[in-house]
Structures are given as structure tokens and as C-alpha cells.
>>> print(open('data-v2.pdb').read())   # PDB, C-alpha atoms and all ligand atoms
ATOM      1  CA  MET A   1      -5.417 152.102 -87.677
ATOM      2  CA  LYS A   2      -3.091 154.613 -86.087
ATOM      3  CA  LYS A   3      -1.780 157.717 -87.767
ATOM      4  CA  ARG A   4       1.853 158.295 -86.998
ATOM      5  CA  GLU A   5       4.139 161.161 -87.840
ATOM      6  CA  HIS A   6       7.861 161.267 -88.438
ATOM      7  CA  LEU A   7       9.337 164.732 -88.150
ATOM      8  CA  PHE A   8      12.783 166.144 -87.802
ATOM      9  CA  SER A   9      14.105 169.602 -87.209
ATOM     10  CA  TYR A  10      17.253 171.205 -88.505
ATOM     11  CA  GLU A  11      19.248 174.355 -87.933
ATOM     12  CA  GLU A  12      19.518 176.937 -90.684
ATOM     13  CA  TYR A  13      22.355 179.466 -90.634
ATOM     14  CA  GLU A  14      22.595 182.461 -92.927
ATOM     15  CA  SER A  15      26.188 181.734 -93.838
ATOM     16  CA  GLN A  16      29.457 180.178 -92.671
ATOM     17  CA  ALA A  17      30.085 183.335 -90.617
ATOM     18  CA  GLU A  18      27.261 182.362 -88.245
ATOM     19  CA  LEU A  19      28.738 178.921 -87.441
ATOM     20  CA  ASN A  20      30.838 178.139 -84.378
ATOM     21  CA  PRO A  21      34.589 178.166 -85.169
ATOM     22  CA  SER A  22      35.045 174.404 -85.384
ATOM     23  CA  ASP A  23      32.047 173.926 -87.710
ATOM     24  CA  ALA A  24      33.209 176.903 -89.804
ATOM     25  CA  GLU A  25      36.667 175.319 -90.111
ATOM     26  CA  LEU A  26      35.174 172.034 -91.305
ATOM     27  CA  LEU A  27      32.894 173.650 -93.891
ATOM     28  CA  LYS A  28      35.793 175.795 -95.129
ATOM     29  CA  LYS A  29      37.853 172.614 -95.597
ATOM     30  CA  ALA A  30      34.975 170.923 -97.483
ATOM     31  CA  ARG A  31      34.805 173.953 -99.764
ATOM     32  CA  GLU A  32      38.571 173.970-100.318
ATOM     33  CA  VAL A  33      38.801 170.311-101.332
ATOM     34  CA  THR A  34      36.183 170.637-104.082
ATOM     35  CA  LYS A  35      39.200 171.554-106.218
ATOM     36  CA  ASP A  36      40.441 167.949-105.804
ATOM     37  CA  ALA A  37      37.232 166.347-107.068
ATOM     38  CA  TYR A  38      37.473 164.304-110.243
ATOM     39  CA  ALA A  39      34.245 165.353-111.934
ATOM     40  CA  PRO A  40      34.971 165.766-115.663
ATOM     41  CA  TYR A  41      31.503 164.456-116.608
ATOM     42  CA  SER A  42      29.079 166.224-114.287
ATOM     43  CA  LYS A  43      31.344 169.254-113.614
ATOM     44  CA  PHE A  44      29.775 169.122-110.158
ATOM     45  CA  ARG A  45      32.644 169.080-107.690
ATOM     46  CA  VAL A  46      31.764 167.872-104.208
ATOM     47  CA  GLY A  47      33.977 168.189-101.135
ATOM     48  CA  ALA A  48      33.516 166.582 -97.733
ATOM     49  CA  ALA A  49      35.474 167.095 -94.526
ATOM     50  CA  ALA A  50      34.986 165.298 -91.230
ATOM     51  CA  ARG A  51      36.156 165.549 -87.668
ATOM     52  CA  LEU A  52      36.636 162.065 -86.208
ATOM     53  CA  SER A  53      36.224 161.152 -82.567
ATOM     54  CA  ASN A  54      40.033 160.791 -82.314
ATOM     55  CA  GLY A  55      40.422 164.445 -83.350
ATOM     56  CA  GLN A  56      41.667 163.728 -86.871
ATOM     57  CA  ILE A  57      40.260 165.729 -89.770
ATOM     58  CA  ILE A  58      39.902 163.858 -93.050
ATOM     59  CA  THR A  59      38.486 164.819 -96.432
ATOM     60  CA  GLY A  60      36.925 163.230 -99.499
ATOM     61  CA  THR A  61      35.826 164.311-102.956
ATOM     62  CA  ASN A  62      33.663 162.766-105.661
ATOM     63  CA  GLN A  63      35.521 160.527-108.086
ATOM     64  CA  GLU A  64      33.746 159.939-111.388
ATOM     65  CA  ASN A  65      34.327 157.432-114.160
ATOM     66  CA  ALA A  66      33.697 157.203-117.911
ATOM     67  CA  SER A  67      31.406 154.338-116.968
ATOM     68  CA  PHE A  68      29.091 156.654-115.039
ATOM     69  CA  PRO A  69      27.699 154.318-112.335
ATOM     70  CA  VAL A  70      31.254 153.531-111.242
ATOM     71  CA  GLY A  71      31.679 157.067-109.870
ATOM     72  CA  ILE A  72      31.686 157.540-106.099
ATOM     73  CA  CYS A  73      30.280 160.439-104.084
ATOM     74  CA  ALA A  74      32.490 162.528-101.815
ATOM     75  CA  GLU A  75      30.686 161.319 -98.688
ATOM     76  CA  ARG A  76      31.344 157.646 -99.411
ATOM     77  CA  VAL A  77      34.968 158.340-100.390
ATOM     78  CA  LEU A  78      35.318 160.028 -97.007
ATOM     79  CA  MET A  79      33.673 157.178 -95.078
ATOM     80  CA  SER A  80      35.903 154.605 -96.823
ATOM     81  CA  THR A  81      38.949 156.694 -95.947
ATOM     82  CA  ALA A  82      37.830 156.992 -92.328
ATOM     83  CA  SER A  83      37.286 153.285 -91.842
ATOM     84  CA  SER A  84      40.476 152.352 -93.731
ATOM     85  CA  LEU A  85      42.827 154.738 -91.943
ATOM     86  CA  PHE A  86      41.106 154.685 -88.541
ATOM     87  CA  PRO A  87      39.069 151.466 -88.248
ATOM     88  CA  GLY A  88      36.306 151.636 -85.658
ATOM     89  CA  VAL A  89      36.689 155.387 -85.082
ATOM     90  CA  ALA A  90      33.434 157.367 -85.223
ATOM     91  CA  ILE A  91      32.749 160.439 -87.353
ATOM     92  CA  GLU A  92      31.610 163.258 -85.073
ATOM     93  CA  THR A  93      30.791 165.901 -87.664
ATOM     94  CA  LEU A  94      30.784 165.789 -91.454
ATOM     95  CA  ALA A  95      30.612 168.898 -93.651
ATOM     96  CA  VAL A  96      29.700 168.753 -97.334
ATOM     97  CA  SER A  97      29.942 171.463 -99.975
ATOM     98  CA  TYR A  98      30.233 171.733-103.748
ATOM     99  CA  HIS A  99      31.273 173.808-106.707
ATOM    100  CA  ASN A 100      28.997 173.521-109.728
ATOM    101  CA  GLU A 101      30.943 174.537-112.840
ATOM    102  CA  ASN A 102      27.670 174.830-114.760
ATOM    103  CA  GLY A 103      25.657 176.981-112.398
ATOM    104  CA  PRO A 104      25.277 178.518-108.969
ATOM    105  CA  SER A 105      26.605 176.787-105.865
ATOM    106  CA  ASP A 106      24.691 178.601-103.145
ATOM    107  CA  ILE A 107      21.979 176.088-102.165
ATOM    108  CA  PRO A 108      22.998 173.638 -99.416
ATOM    109  CA  ILE A 109      23.826 170.206-100.808
ATOM    110  CA  SER A 110      22.276 167.129 -99.243
ATOM    111  CA  PRO A 111      23.520 163.555 -99.599
ATOM    112  CA  CYS A 112      22.091 161.269-102.289
ATOM    113  CA  GLY A 113      20.072 158.190-101.388
ATOM    114  CA  ILE A 114      22.993 155.755-101.581
ATOM    115  CA  CYS A 115      25.070 157.991 -99.295
ATOM    116  CA  ARG A 116      22.175 158.229 -96.821
ATOM    117  CA  GLN A 117      22.140 154.446 -96.628
ATOM    118  CA  SER A 118      25.919 154.372 -96.125
ATOM    119  CA  LEU A 119      25.808 157.157 -93.533
ATOM    120  CA  GLN A 120      23.205 155.365 -91.461
ATOM    121  CA  GLU A 121      25.248 152.141 -91.547
ATOM    122  CA  PHE A 122      28.376 154.054 -90.487
ATOM    123  CA  GLU A 123      26.459 155.489 -87.535
ATOM    124  CA  HIS A 124      25.119 152.055 -86.690
ATOM    125  CA  ARG A 125      28.501 150.327 -86.777
ATOM    126  CA  THR A 126      30.285 152.946 -84.658
ATOM    127  CA  GLY A 127      27.288 153.550 -82.389
ATOM    128  CA  LYS A 128      27.650 157.334 -82.755
ATOM    129  CA  PRO A 129      25.533 159.869 -84.645
ATOM    130  CA  ILE A 130      27.199 161.756 -87.493
ATOM    131  CA  ARG A 131      26.372 165.460 -87.209
ATOM    132  CA  LEU A 132      25.932 166.761 -90.750
ATOM    133  CA  ILE A 133      26.731 170.260 -92.032
ATOM    134  CA  MET A 134      25.316 170.930 -95.496
ATOM    135  CA  GLY A 135      26.430 173.985 -97.408
ATOM    136  CA  GLY A 136      27.346 175.370-100.775
ATOM    137  CA  GLU A 137      30.204 177.556-101.863
ATOM    138  CA  THR A 138      28.344 180.502-100.345
ATOM    139  CA  GLY A 139      24.967 181.065 -98.734
ATOM    140  CA  ALA A 140      22.838 179.247 -96.184
ATOM    141  CA  VAL A 141      24.020 176.278 -94.173
ATOM    142  CA  TYR A 142      21.862 173.497 -92.700
ATOM    143  CA  ILE A 143      22.905 171.361 -89.751
ATOM    144  CA  ILE A 144      21.269 168.163 -88.524
ATOM    145  CA  PRO A 145      22.397 166.278 -85.396
ATOM    146  CA  GLN A 146      22.271 162.825 -86.939
ATOM    147  CA  SER A 147      22.639 161.844 -90.598
ATOM    148  CA  GLY A 148      20.371 158.818 -90.204
ATOM    149  CA  ILE A 149      17.302 161.015 -89.840
ATOM    150  CA  LEU A 150      17.565 161.718 -93.580
ATOM    151  CA  LEU A 151      16.570 158.109 -94.195
ATOM    152  CA  PRO A 152      13.402 157.205 -92.278
ATOM    153  CA  PHE A 153      12.459 153.518 -92.201
ATOM    154  CA  ALA A 154      15.991 152.647 -93.253
ATOM    155  CA  PHE A 155      16.927 149.089 -93.976
ATOM    156  CA  ASP A 156      19.702 148.123 -91.596
ATOM    157  CA  ALA A 157      21.663 145.158 -90.358
ATOM    158  CA  ASP A 158      19.128 144.433 -87.584
ATOM    159  CA  LYS A 159      16.644 143.339 -90.245
ATOM    160  CA  LEU A 160      18.937 140.665 -91.697
TER     161      LEU A 160
HETATM  162  N1  LIG B 201      27.655 163.831-105.554
HETATM  163  C1  LIG B 201      28.373 163.746-104.390
HETATM  164  O1  LIG B 201      29.582 163.497-104.397
HETATM  165  N2  LIG B 201      27.722 163.952-103.230
HETATM  166  C2  LIG B 201      26.411 164.323-103.118
HETATM  167  O2  LIG B 201      25.933 164.528-101.996
HETATM  168  C3  LIG B 201      25.587 164.474-104.321
HETATM  169  C4  LIG B 201      26.235 164.093-105.597
HETATM  170  C5  LIG B 201      28.367 163.660-106.817
HETATM  171  C6  LIG B 201      28.042 162.456-107.629
HETATM  172  C7  LIG B 201      28.462 162.925-109.024
HETATM  173  O3  LIG B 201      29.856 162.754-109.173
HETATM  174  C8  LIG B 201      28.165 164.403-109.010
HETATM  175  O4  LIG B 201      28.086 164.780-107.642
HETATM  176  C9  LIG B 201      26.881 164.788-109.728
HETATM  177  O5  LIG B 201      25.827 164.011-109.294
END
>>> encode(input="data-v2.pdb", output="C-alpha cells")
Amino acid sequence: MKKREHLFSYEEYESQAELNPSDAELLKKAREVTKDAYAPYSKFRVGAAARLSNGQIITGTNQENASFPVGICAERVLMSTASSLFPGVAIETLAVSYHNENGPSDIPISPCGICRQSLQEFEHRTGKPIRLIMGGETGAVYIIPQSGILLPFAFDADKL
């Protein structure tokens, strides 16, 4: 038997003000688009903004449904937009933020399990890591260099 360890490190910033200008711009955009979320059920408005490898900036927001499981997270709306408008183009950096109408919005958001699976497949298919900026409306910001590290032992296309 061998004991193995799987660790990852991340950057923590005190606020958006501490980010480099291009990351700050992306997080600001993610915060702005939370207003476009369709979240009448959870009242939890999520915004995502990404810089693609072709220089384009695109956004996404969560889109809910009266049949709850039909709703889609902001991250997956953004990835679908990216691959529909710019097929084959990688996502360099993705920023996510939120506005919780029922409570504070100052703890960095992190993608749900389904989005983690989708993010790692997007990285796999484009062959490029997606740098992930996780923030709230205010407060601390976390940055990881590669979204896939949020899903250790992921199931991917190589296993099929
Ligand atoms: N949601 C996202 O859009 N992204 C996340 O990273 C976490 C959760 C959405 C799903 C649902 O519409 C609402 O937030 C509450 O779970």
C-alpha cells in the first residue's frame, strides 16, 4: 500500500482592488451581469465573465426554470456560449461572482459539481487550462490556475 496525497494551492486576494487590471476588469464584468440572471426561485444571481484566447470577452448568467432541475448555472451558460459563438477557442480566464438577494454576497463563490465536470471537459477539449477567479459582490477573491484541479479523479473522455 502506498499513501498518496493530492494537494492544490490557490491565491487569496483581499479584494478586487488587489487584482491585476485585466483580472479586475473580468471580475467587475461578472459582478455587473448578475443583474441579467434569471433566478426568481433561488434569488441567487450568478454572473460569469471570461476572456477567450482570441481576446473576446463573453458573459453568462444562471437561468432557472419552474421545473427546478432544468435551470442552468452561469458557468455552463458561458461555456455553451463560448463554444457556440467561437467553436474550438479556449477560455483563458473565467471570473464568477454572485448577488444573493436573501443574504450576504461577500464569500467567494465556487462552481458546483456539475460545472466542475463541464469545466474539466472544456479544458480537455481545448487543451488549455481555464484560470478561475472566484469572488462575491465584495470581499476576498480566490484564484486558481486551472479549473480542473477542483475535481480530482475526474471522469473524462480518456476513460471511455
Ligand atoms: N449557481 C450558479 O449559477 N453557479 C454556481 O457556481 C453555483 C450555483 C446557480 C444555480 C441556481 O440557479 C442558483 O445558483 C442557486 O443554486
>>> residues_near_point(input="data-v2.pdb", point="(28.5, 174.5, -114.6)", cutoff="10 Å", atoms="all atoms listed in the file", output="short mmCIF file (atom, residue, chain, number, x, y, z; two decimals) with C-alpha atoms, in the coordinates of the input")
data_model
loop_
_atom_site.label_atom_id
_atom_site.label_comp_id
_atom_site.auth_asym_id
_atom_site.auth_seq_id
_atom_site.Cartn_x
_atom_site.Cartn_y
_atom_site.Cartn_z
CA SER A 42 29.08 166.22 -114.29
CA LYS A 43 31.34 169.25 -113.61
CA PHE A 44 29.78 169.12 -110.16
CA ARG A 45 32.64 169.08 -107.69
CA HIS A 99 31.27 173.81 -106.71
CA ASN A 100 29.00 173.52 -109.73
CA GLU A 101 30.94 174.54 -112.84
CA ASN A 102 27.67 174.83 -114.76
CA GLY A 103 25.66 176.98 -112.40
CA PRO A 104 25.28 178.52 -108.97
CA SER A 105 26.60 176.79 -105.86
#
>>> residues_near_ligand(input="data-v2.pdb", ligand="ligand LIG 201 (chain B)", cutoff="7 Å", atoms="only C-alpha atoms and all ligand atoms", output="PyMOL selection string")
chain A and resi 39+42+44-46+61-64+71-75+109-112
>>> resolve_selection(input="data-v2.pdb", expression="the PyMOL selection byres (((chain A and resi 132) around 9) and not hetatm)", output="VMD selection string")
chain A and resid 92 to 96 130 to 131 133 to 134 142 to 147
>>> residues_around(input="data-v2.pdb", residues="A:Leu52", least_positions_apart="3", cutoff="12 Å", atoms="all atoms listed in the file", output="ChimeraX atom specification")
/A:26,49,55-59,78-79,81-83,85-95,126,128-131
>>> resolve_selection(input="data-v2.pdb", expression="the PyMOL selection byres (((chain A and resi 13-18) around 6) and not hetatm)", output="compact mmCIF listing (two decimals) with C-alpha atoms, in the frame of the given file")
# COMPACT_ATOMS: atom_id res chain seq x y z
CA GLU A 12 19.52 176.94 -90.68
CA LEU A 19 28.74 178.92 -87.44
CA ALA A 24 33.21 176.90 -89.80
CA GLY A 139 24.97 181.06 -98.73
CA ALA A 140 22.84 179.25 -96.18
CA VAL A 141 24.02 176.28 -94.17
>>> residues_around(input="data-v2.pdb", residues="A:Arg31", least_positions_apart="6", cutoff="8 Å", atoms="only C-alpha atoms", output="ChimeraX atom specification")
/A:47-48,96-99,136-137
>>> atom_distance(input="data-v2.pdb", atom1="atom CA of A:Ala154", atom2="atom CA of A:Gln117")
7.2 Å
>>> atom_distance(input="data-v2.pdb", atom1="atom CA of A:Asn54", atom2="atom CA of A:Lys28")
20.2 Å
>>> resolve_selection(input="data-v2.pdb", expression="the PyMOL selection byres (((chain A and resi 148) around 7) and not hetatm)", output="number ranges by chain")
A: 116, 119-120, 146-147, 149-151
>>> atom_distance(input="data-v2.pdb", atom1="atom CA of A:Pro40", atom2="atom CA of A:Asn65")
8.5 Å
>>> closest_residue(input="data-v2.pdb", among="A:Gly60, A:Arg51, A:Lys159, A:Ala66", to="A:Ala30", atoms="all atoms listed in the file")
A:Gly60
>>> axis_aligned_box(input="data-v2.pdb", around="stretch 134-138 of chain A", padding_each_side="3 Å", output="AutoDock Vina command-line options")
--center_x 27.8 --center_y 175.7 --center_z -98.7 --size_x 10.9 --size_y 15.6 --size_z 12.4
>>> closest_residue(input="data-v2.pdb", among="A:Glu11, A:Tyr38, A:Lys2, A:Gly135", to="A:Pro108", atoms="all atoms listed in the file")
A:Gly135
>>> build_atoms(input="data-v2.pdb", residues="stretch 58-92 of chain A", atoms="N, CA and C atoms", output="PDB file, in the coordinates of the input")
ATOM      1  N   ILE A  58      39.640 164.502 -91.755  1.00  0.00           N
ATOM      2  CA  ILE A  58      39.902 163.858 -93.050  1.00  0.00           C
ATOM      3  C   ILE A  58      38.955 164.444 -94.092  1.00  0.00           C
ATOM      4  N   THR A  59      39.302 164.245 -95.360  1.00  0.00           N
ATOM      5  CA  THR A  59      38.486 164.819 -96.432  1.00  0.00           C
ATOM      6  C   THR A  59      38.179 163.758 -97.499  1.00  0.00           C
ATOM      7  N   GLY A  60      37.248 164.090 -98.358  1.00  0.00           N
ATOM      8  CA  GLY A  60      36.925 163.230 -99.499  1.00  0.00           C
ATOM      9  C   GLY A  60      36.311 164.083-100.598  1.00  0.00           C
ATOM     10  N   THR A  61      36.433 163.602-101.824  1.00  0.00           N
ATOM     11  CA  THR A  61      35.826 164.311-102.956  1.00  0.00           C
ATOM     12  C   THR A  61      35.189 163.287-103.886  1.00  0.00           C
ATOM     13  N   ASN A  62      34.264 163.732-104.735  1.00  0.00           N
ATOM     14  CA  ASN A  62      33.663 162.766-105.661  1.00  0.00           C
ATOM     15  C   ASN A  62      34.656 162.375-106.745  1.00  0.00           C
ATOM     16  N   GLN A  63      34.591 161.108-107.114  1.00  0.00           N
ATOM     17  CA  GLN A  63      35.521 160.527-108.086  1.00  0.00           C
ATOM     18  C   GLN A  63      34.689 159.828-109.153  1.00  0.00           C
ATOM     19  N   GLU A  64      34.615 160.462-110.318  1.00  0.00           N
ATOM     20  CA  GLU A  64      33.746 159.939-111.388  1.00  0.00           C
ATOM     21  C   GLU A  64      34.499 158.978-112.303  1.00  0.00           C
ATOM     22  N   ASN A  65      33.754 158.419-113.254  1.00  0.00           N
ATOM     23  CA  ASN A  65      34.327 157.432-114.160  1.00  0.00           C
ATOM     24  C   ASN A  65      33.593 157.511-115.487  1.00  0.00           C
ATOM     25  N   ALA A  66      34.304 157.198-116.580  1.00  0.00           N
ATOM     26  CA  ALA A  66      33.697 157.203-117.911  1.00  0.00           C
ATOM     27  C   ALA A  66      32.506 156.243-117.953  1.00  0.00           C
ATOM     28  N   SER A  67      32.568 155.201-117.164  1.00  0.00           N
ATOM     29  CA  SER A  67      31.406 154.338-116.968  1.00  0.00           C
ATOM     30  C   SER A  67      30.655 154.929-115.776  1.00  0.00           C
ATOM     31  N   PHE A  68      29.668 155.758-116.048  1.00  0.00           N
ATOM     32  CA  PHE A  68      29.091 156.654-115.039  1.00  0.00           C
ATOM     33  C   PHE A  68      28.747 156.026-113.676  1.00  0.00           C
ATOM     34  N   PRO A  69      28.094 154.848-113.662  1.00  0.00           N
ATOM     35  CA  PRO A  69      27.699 154.318-112.335  1.00  0.00           C
ATOM     36  C   PRO A  69      28.882 153.959-111.444  1.00  0.00           C
ATOM     37  N   VAL A  70      30.065 153.894-112.023  1.00  0.00           N
ATOM     38  CA  VAL A  70      31.254 153.531-111.242  1.00  0.00           C
ATOM     39  C   VAL A  70      31.692 154.686-110.327  1.00  0.00           C
ATOM     40  N   GLY A  71      31.286 155.897-110.659  1.00  0.00           N
ATOM     41  CA  GLY A  71      31.679 157.067-109.870  1.00  0.00           C
ATOM     42  C   GLY A  71      31.235 156.956-108.418  1.00  0.00           C
ATOM     43  N   ILE A  72      31.999 157.592-107.543  1.00  0.00           N
ATOM     44  CA  ILE A  72      31.686 157.540-106.099  1.00  0.00           C
ATOM     45  C   ILE A  72      31.531 158.951-105.561  1.00  0.00           C
ATOM     46  N   CYS A  73      30.526 159.132-104.708  1.00  0.00           N
ATOM     47  CA  CYS A  73      30.280 160.439-104.084  1.00  0.00           C
ATOM     48  C   CYS A  73      31.343 160.754-103.032  1.00  0.00           C
ATOM     49  N   ALA A  74      31.504 162.050-102.793  1.00  0.00           N
ATOM     50  CA  ALA A  74      32.490 162.528-101.815  1.00  0.00           C
ATOM     51  C   ALA A  74      32.257 161.930-100.426  1.00  0.00           C
ATOM     52  N   GLU A  75      31.000 161.825-100.030  1.00  0.00           N
ATOM     53  CA  GLU A  75      30.686 161.319 -98.688  1.00  0.00           C
ATOM     54  C   GLU A  75      31.169 159.882 -98.507  1.00  0.00           C
ATOM     55  N   ARG A  76      30.942 159.047 -99.553  1.00  0.00           N
ATOM     56  CA  ARG A  76      31.344 157.646 -99.411  1.00  0.00           C
ATOM     57  C   ARG A  76      32.857 157.481 -99.551  1.00  0.00           C
ATOM     58  N   VAL A  77      33.498 158.359-100.347  1.00  0.00           N
ATOM     59  CA  VAL A  77      34.968 158.340-100.390  1.00  0.00           C
ATOM     60  C   VAL A  77      35.489 158.651 -98.990  1.00  0.00           C
ATOM     61  N   LEU A  78      34.874 159.650 -98.360  1.00  0.00           N
ATOM     62  CA  LEU A  78      35.318 160.028 -97.007  1.00  0.00           C
ATOM     63  C   LEU A  78      35.097 158.890 -96.005  1.00  0.00           C
ATOM     64  N   MET A  79      33.932 158.262 -96.041  1.00  0.00           N
ATOM     65  CA  MET A  79      33.673 157.178 -95.078  1.00  0.00           C
ATOM     66  C   MET A  79      34.628 155.999 -95.287  1.00  0.00           C
ATOM     67  N   SER A  80      34.953 155.701 -96.559  1.00  0.00           N
ATOM     68  CA  SER A  80      35.903 154.605 -96.823  1.00  0.00           C
ATOM     69  C   SER A  80      37.276 154.971 -96.293  1.00  0.00           C
ATOM     70  N   THR A  81      37.646 156.233 -96.461  1.00  0.00           N
ATOM     71  CA  THR A  81      38.949 156.694 -95.947  1.00  0.00           C
ATOM     72  C   THR A  81      38.974 156.576 -94.429  1.00  0.00           C
ATOM     73  N   ALA A  82      37.888 157.033 -93.796  1.00  0.00           N
ATOM     74  CA  ALA A  82      37.830 156.992 -92.328  1.00  0.00           C
ATOM     75  C   ALA A  82      38.006 155.566 -91.829  1.00  0.00           C
ATOM     76  N   SER A  83      37.233 154.632 -92.410  1.00  0.00           N
ATOM     77  CA  SER A  83      37.286 153.285 -91.842  1.00  0.00           C
ATOM     78  C   SER A  83      38.526 152.520 -92.292  1.00  0.00           C
ATOM     79  N   SER A  84      39.224 153.002 -93.330  1.00  0.00           N
ATOM     80  CA  SER A  84      40.476 152.352 -93.731  1.00  0.00           C
ATOM     81  C   SER A  84      41.646 152.854 -92.891  1.00  0.00           C
ATOM     82  N   LEU A  85      41.695 154.172 -92.697  1.00  0.00           N
ATOM     83  CA  LEU A  85      42.827 154.738 -91.943  1.00  0.00           C
ATOM     84  C   LEU A  85      42.638 154.605 -90.440  1.00  0.00           C
ATOM     85  N   PHE A  86      41.387 154.705 -89.986  1.00  0.00           N
ATOM     86  CA  PHE A  86      41.106 154.685 -88.541  1.00  0.00           C
ATOM     87  C   PHE A  86      39.939 153.733 -88.261  1.00  0.00           C
ATOM     88  N   PRO A  87      40.170 152.421 -88.404  1.00  0.00           N
ATOM     89  CA  PRO A  87      39.069 151.466 -88.248  1.00  0.00           C
ATOM     90  C   PRO A  87      38.389 151.604 -86.884  1.00  0.00           C
ATOM     91  N   GLY A  88      37.075 151.603 -86.913  1.00  0.00           N
ATOM     92  CA  GLY A  88      36.306 151.636 -85.658  1.00  0.00           C
ATOM     93  C   GLY A  88      36.130 153.025 -85.065  1.00  0.00           C
ATOM     94  N   VAL A  89      36.796 154.020 -85.628  1.00  0.00           N
ATOM     95  CA  VAL A  89      36.689 155.387 -85.082  1.00  0.00           C
ATOM     96  C   VAL A  89      35.451 156.073 -85.660  1.00  0.00           C
ATOM     97  N   ALA A  90      34.680 156.728 -84.784  1.00  0.00           N
ATOM     98  CA  ALA A  90      33.434 157.367 -85.223  1.00  0.00           C
ATOM     99  C   ALA A  90      33.703 158.697 -85.927  1.00  0.00           C
ATOM    100  N   ILE A  91      32.733 159.093 -86.746  1.00  0.00           N
ATOM    101  CA  ILE A  91      32.749 160.439 -87.353  1.00  0.00           C
ATOM    102  C   ILE A  91      31.859 161.310 -86.471  1.00  0.00           C
ATOM    103  N   GLU A  92      32.429 162.377 -85.925  1.00  0.00           N
ATOM    104  CA  GLU A  92      31.610 163.258 -85.073  1.00  0.00           C
ATOM    105  C   GLU A  92      30.784 164.212 -85.929  1.00  0.00           C
TER     106      GLU A  92
END
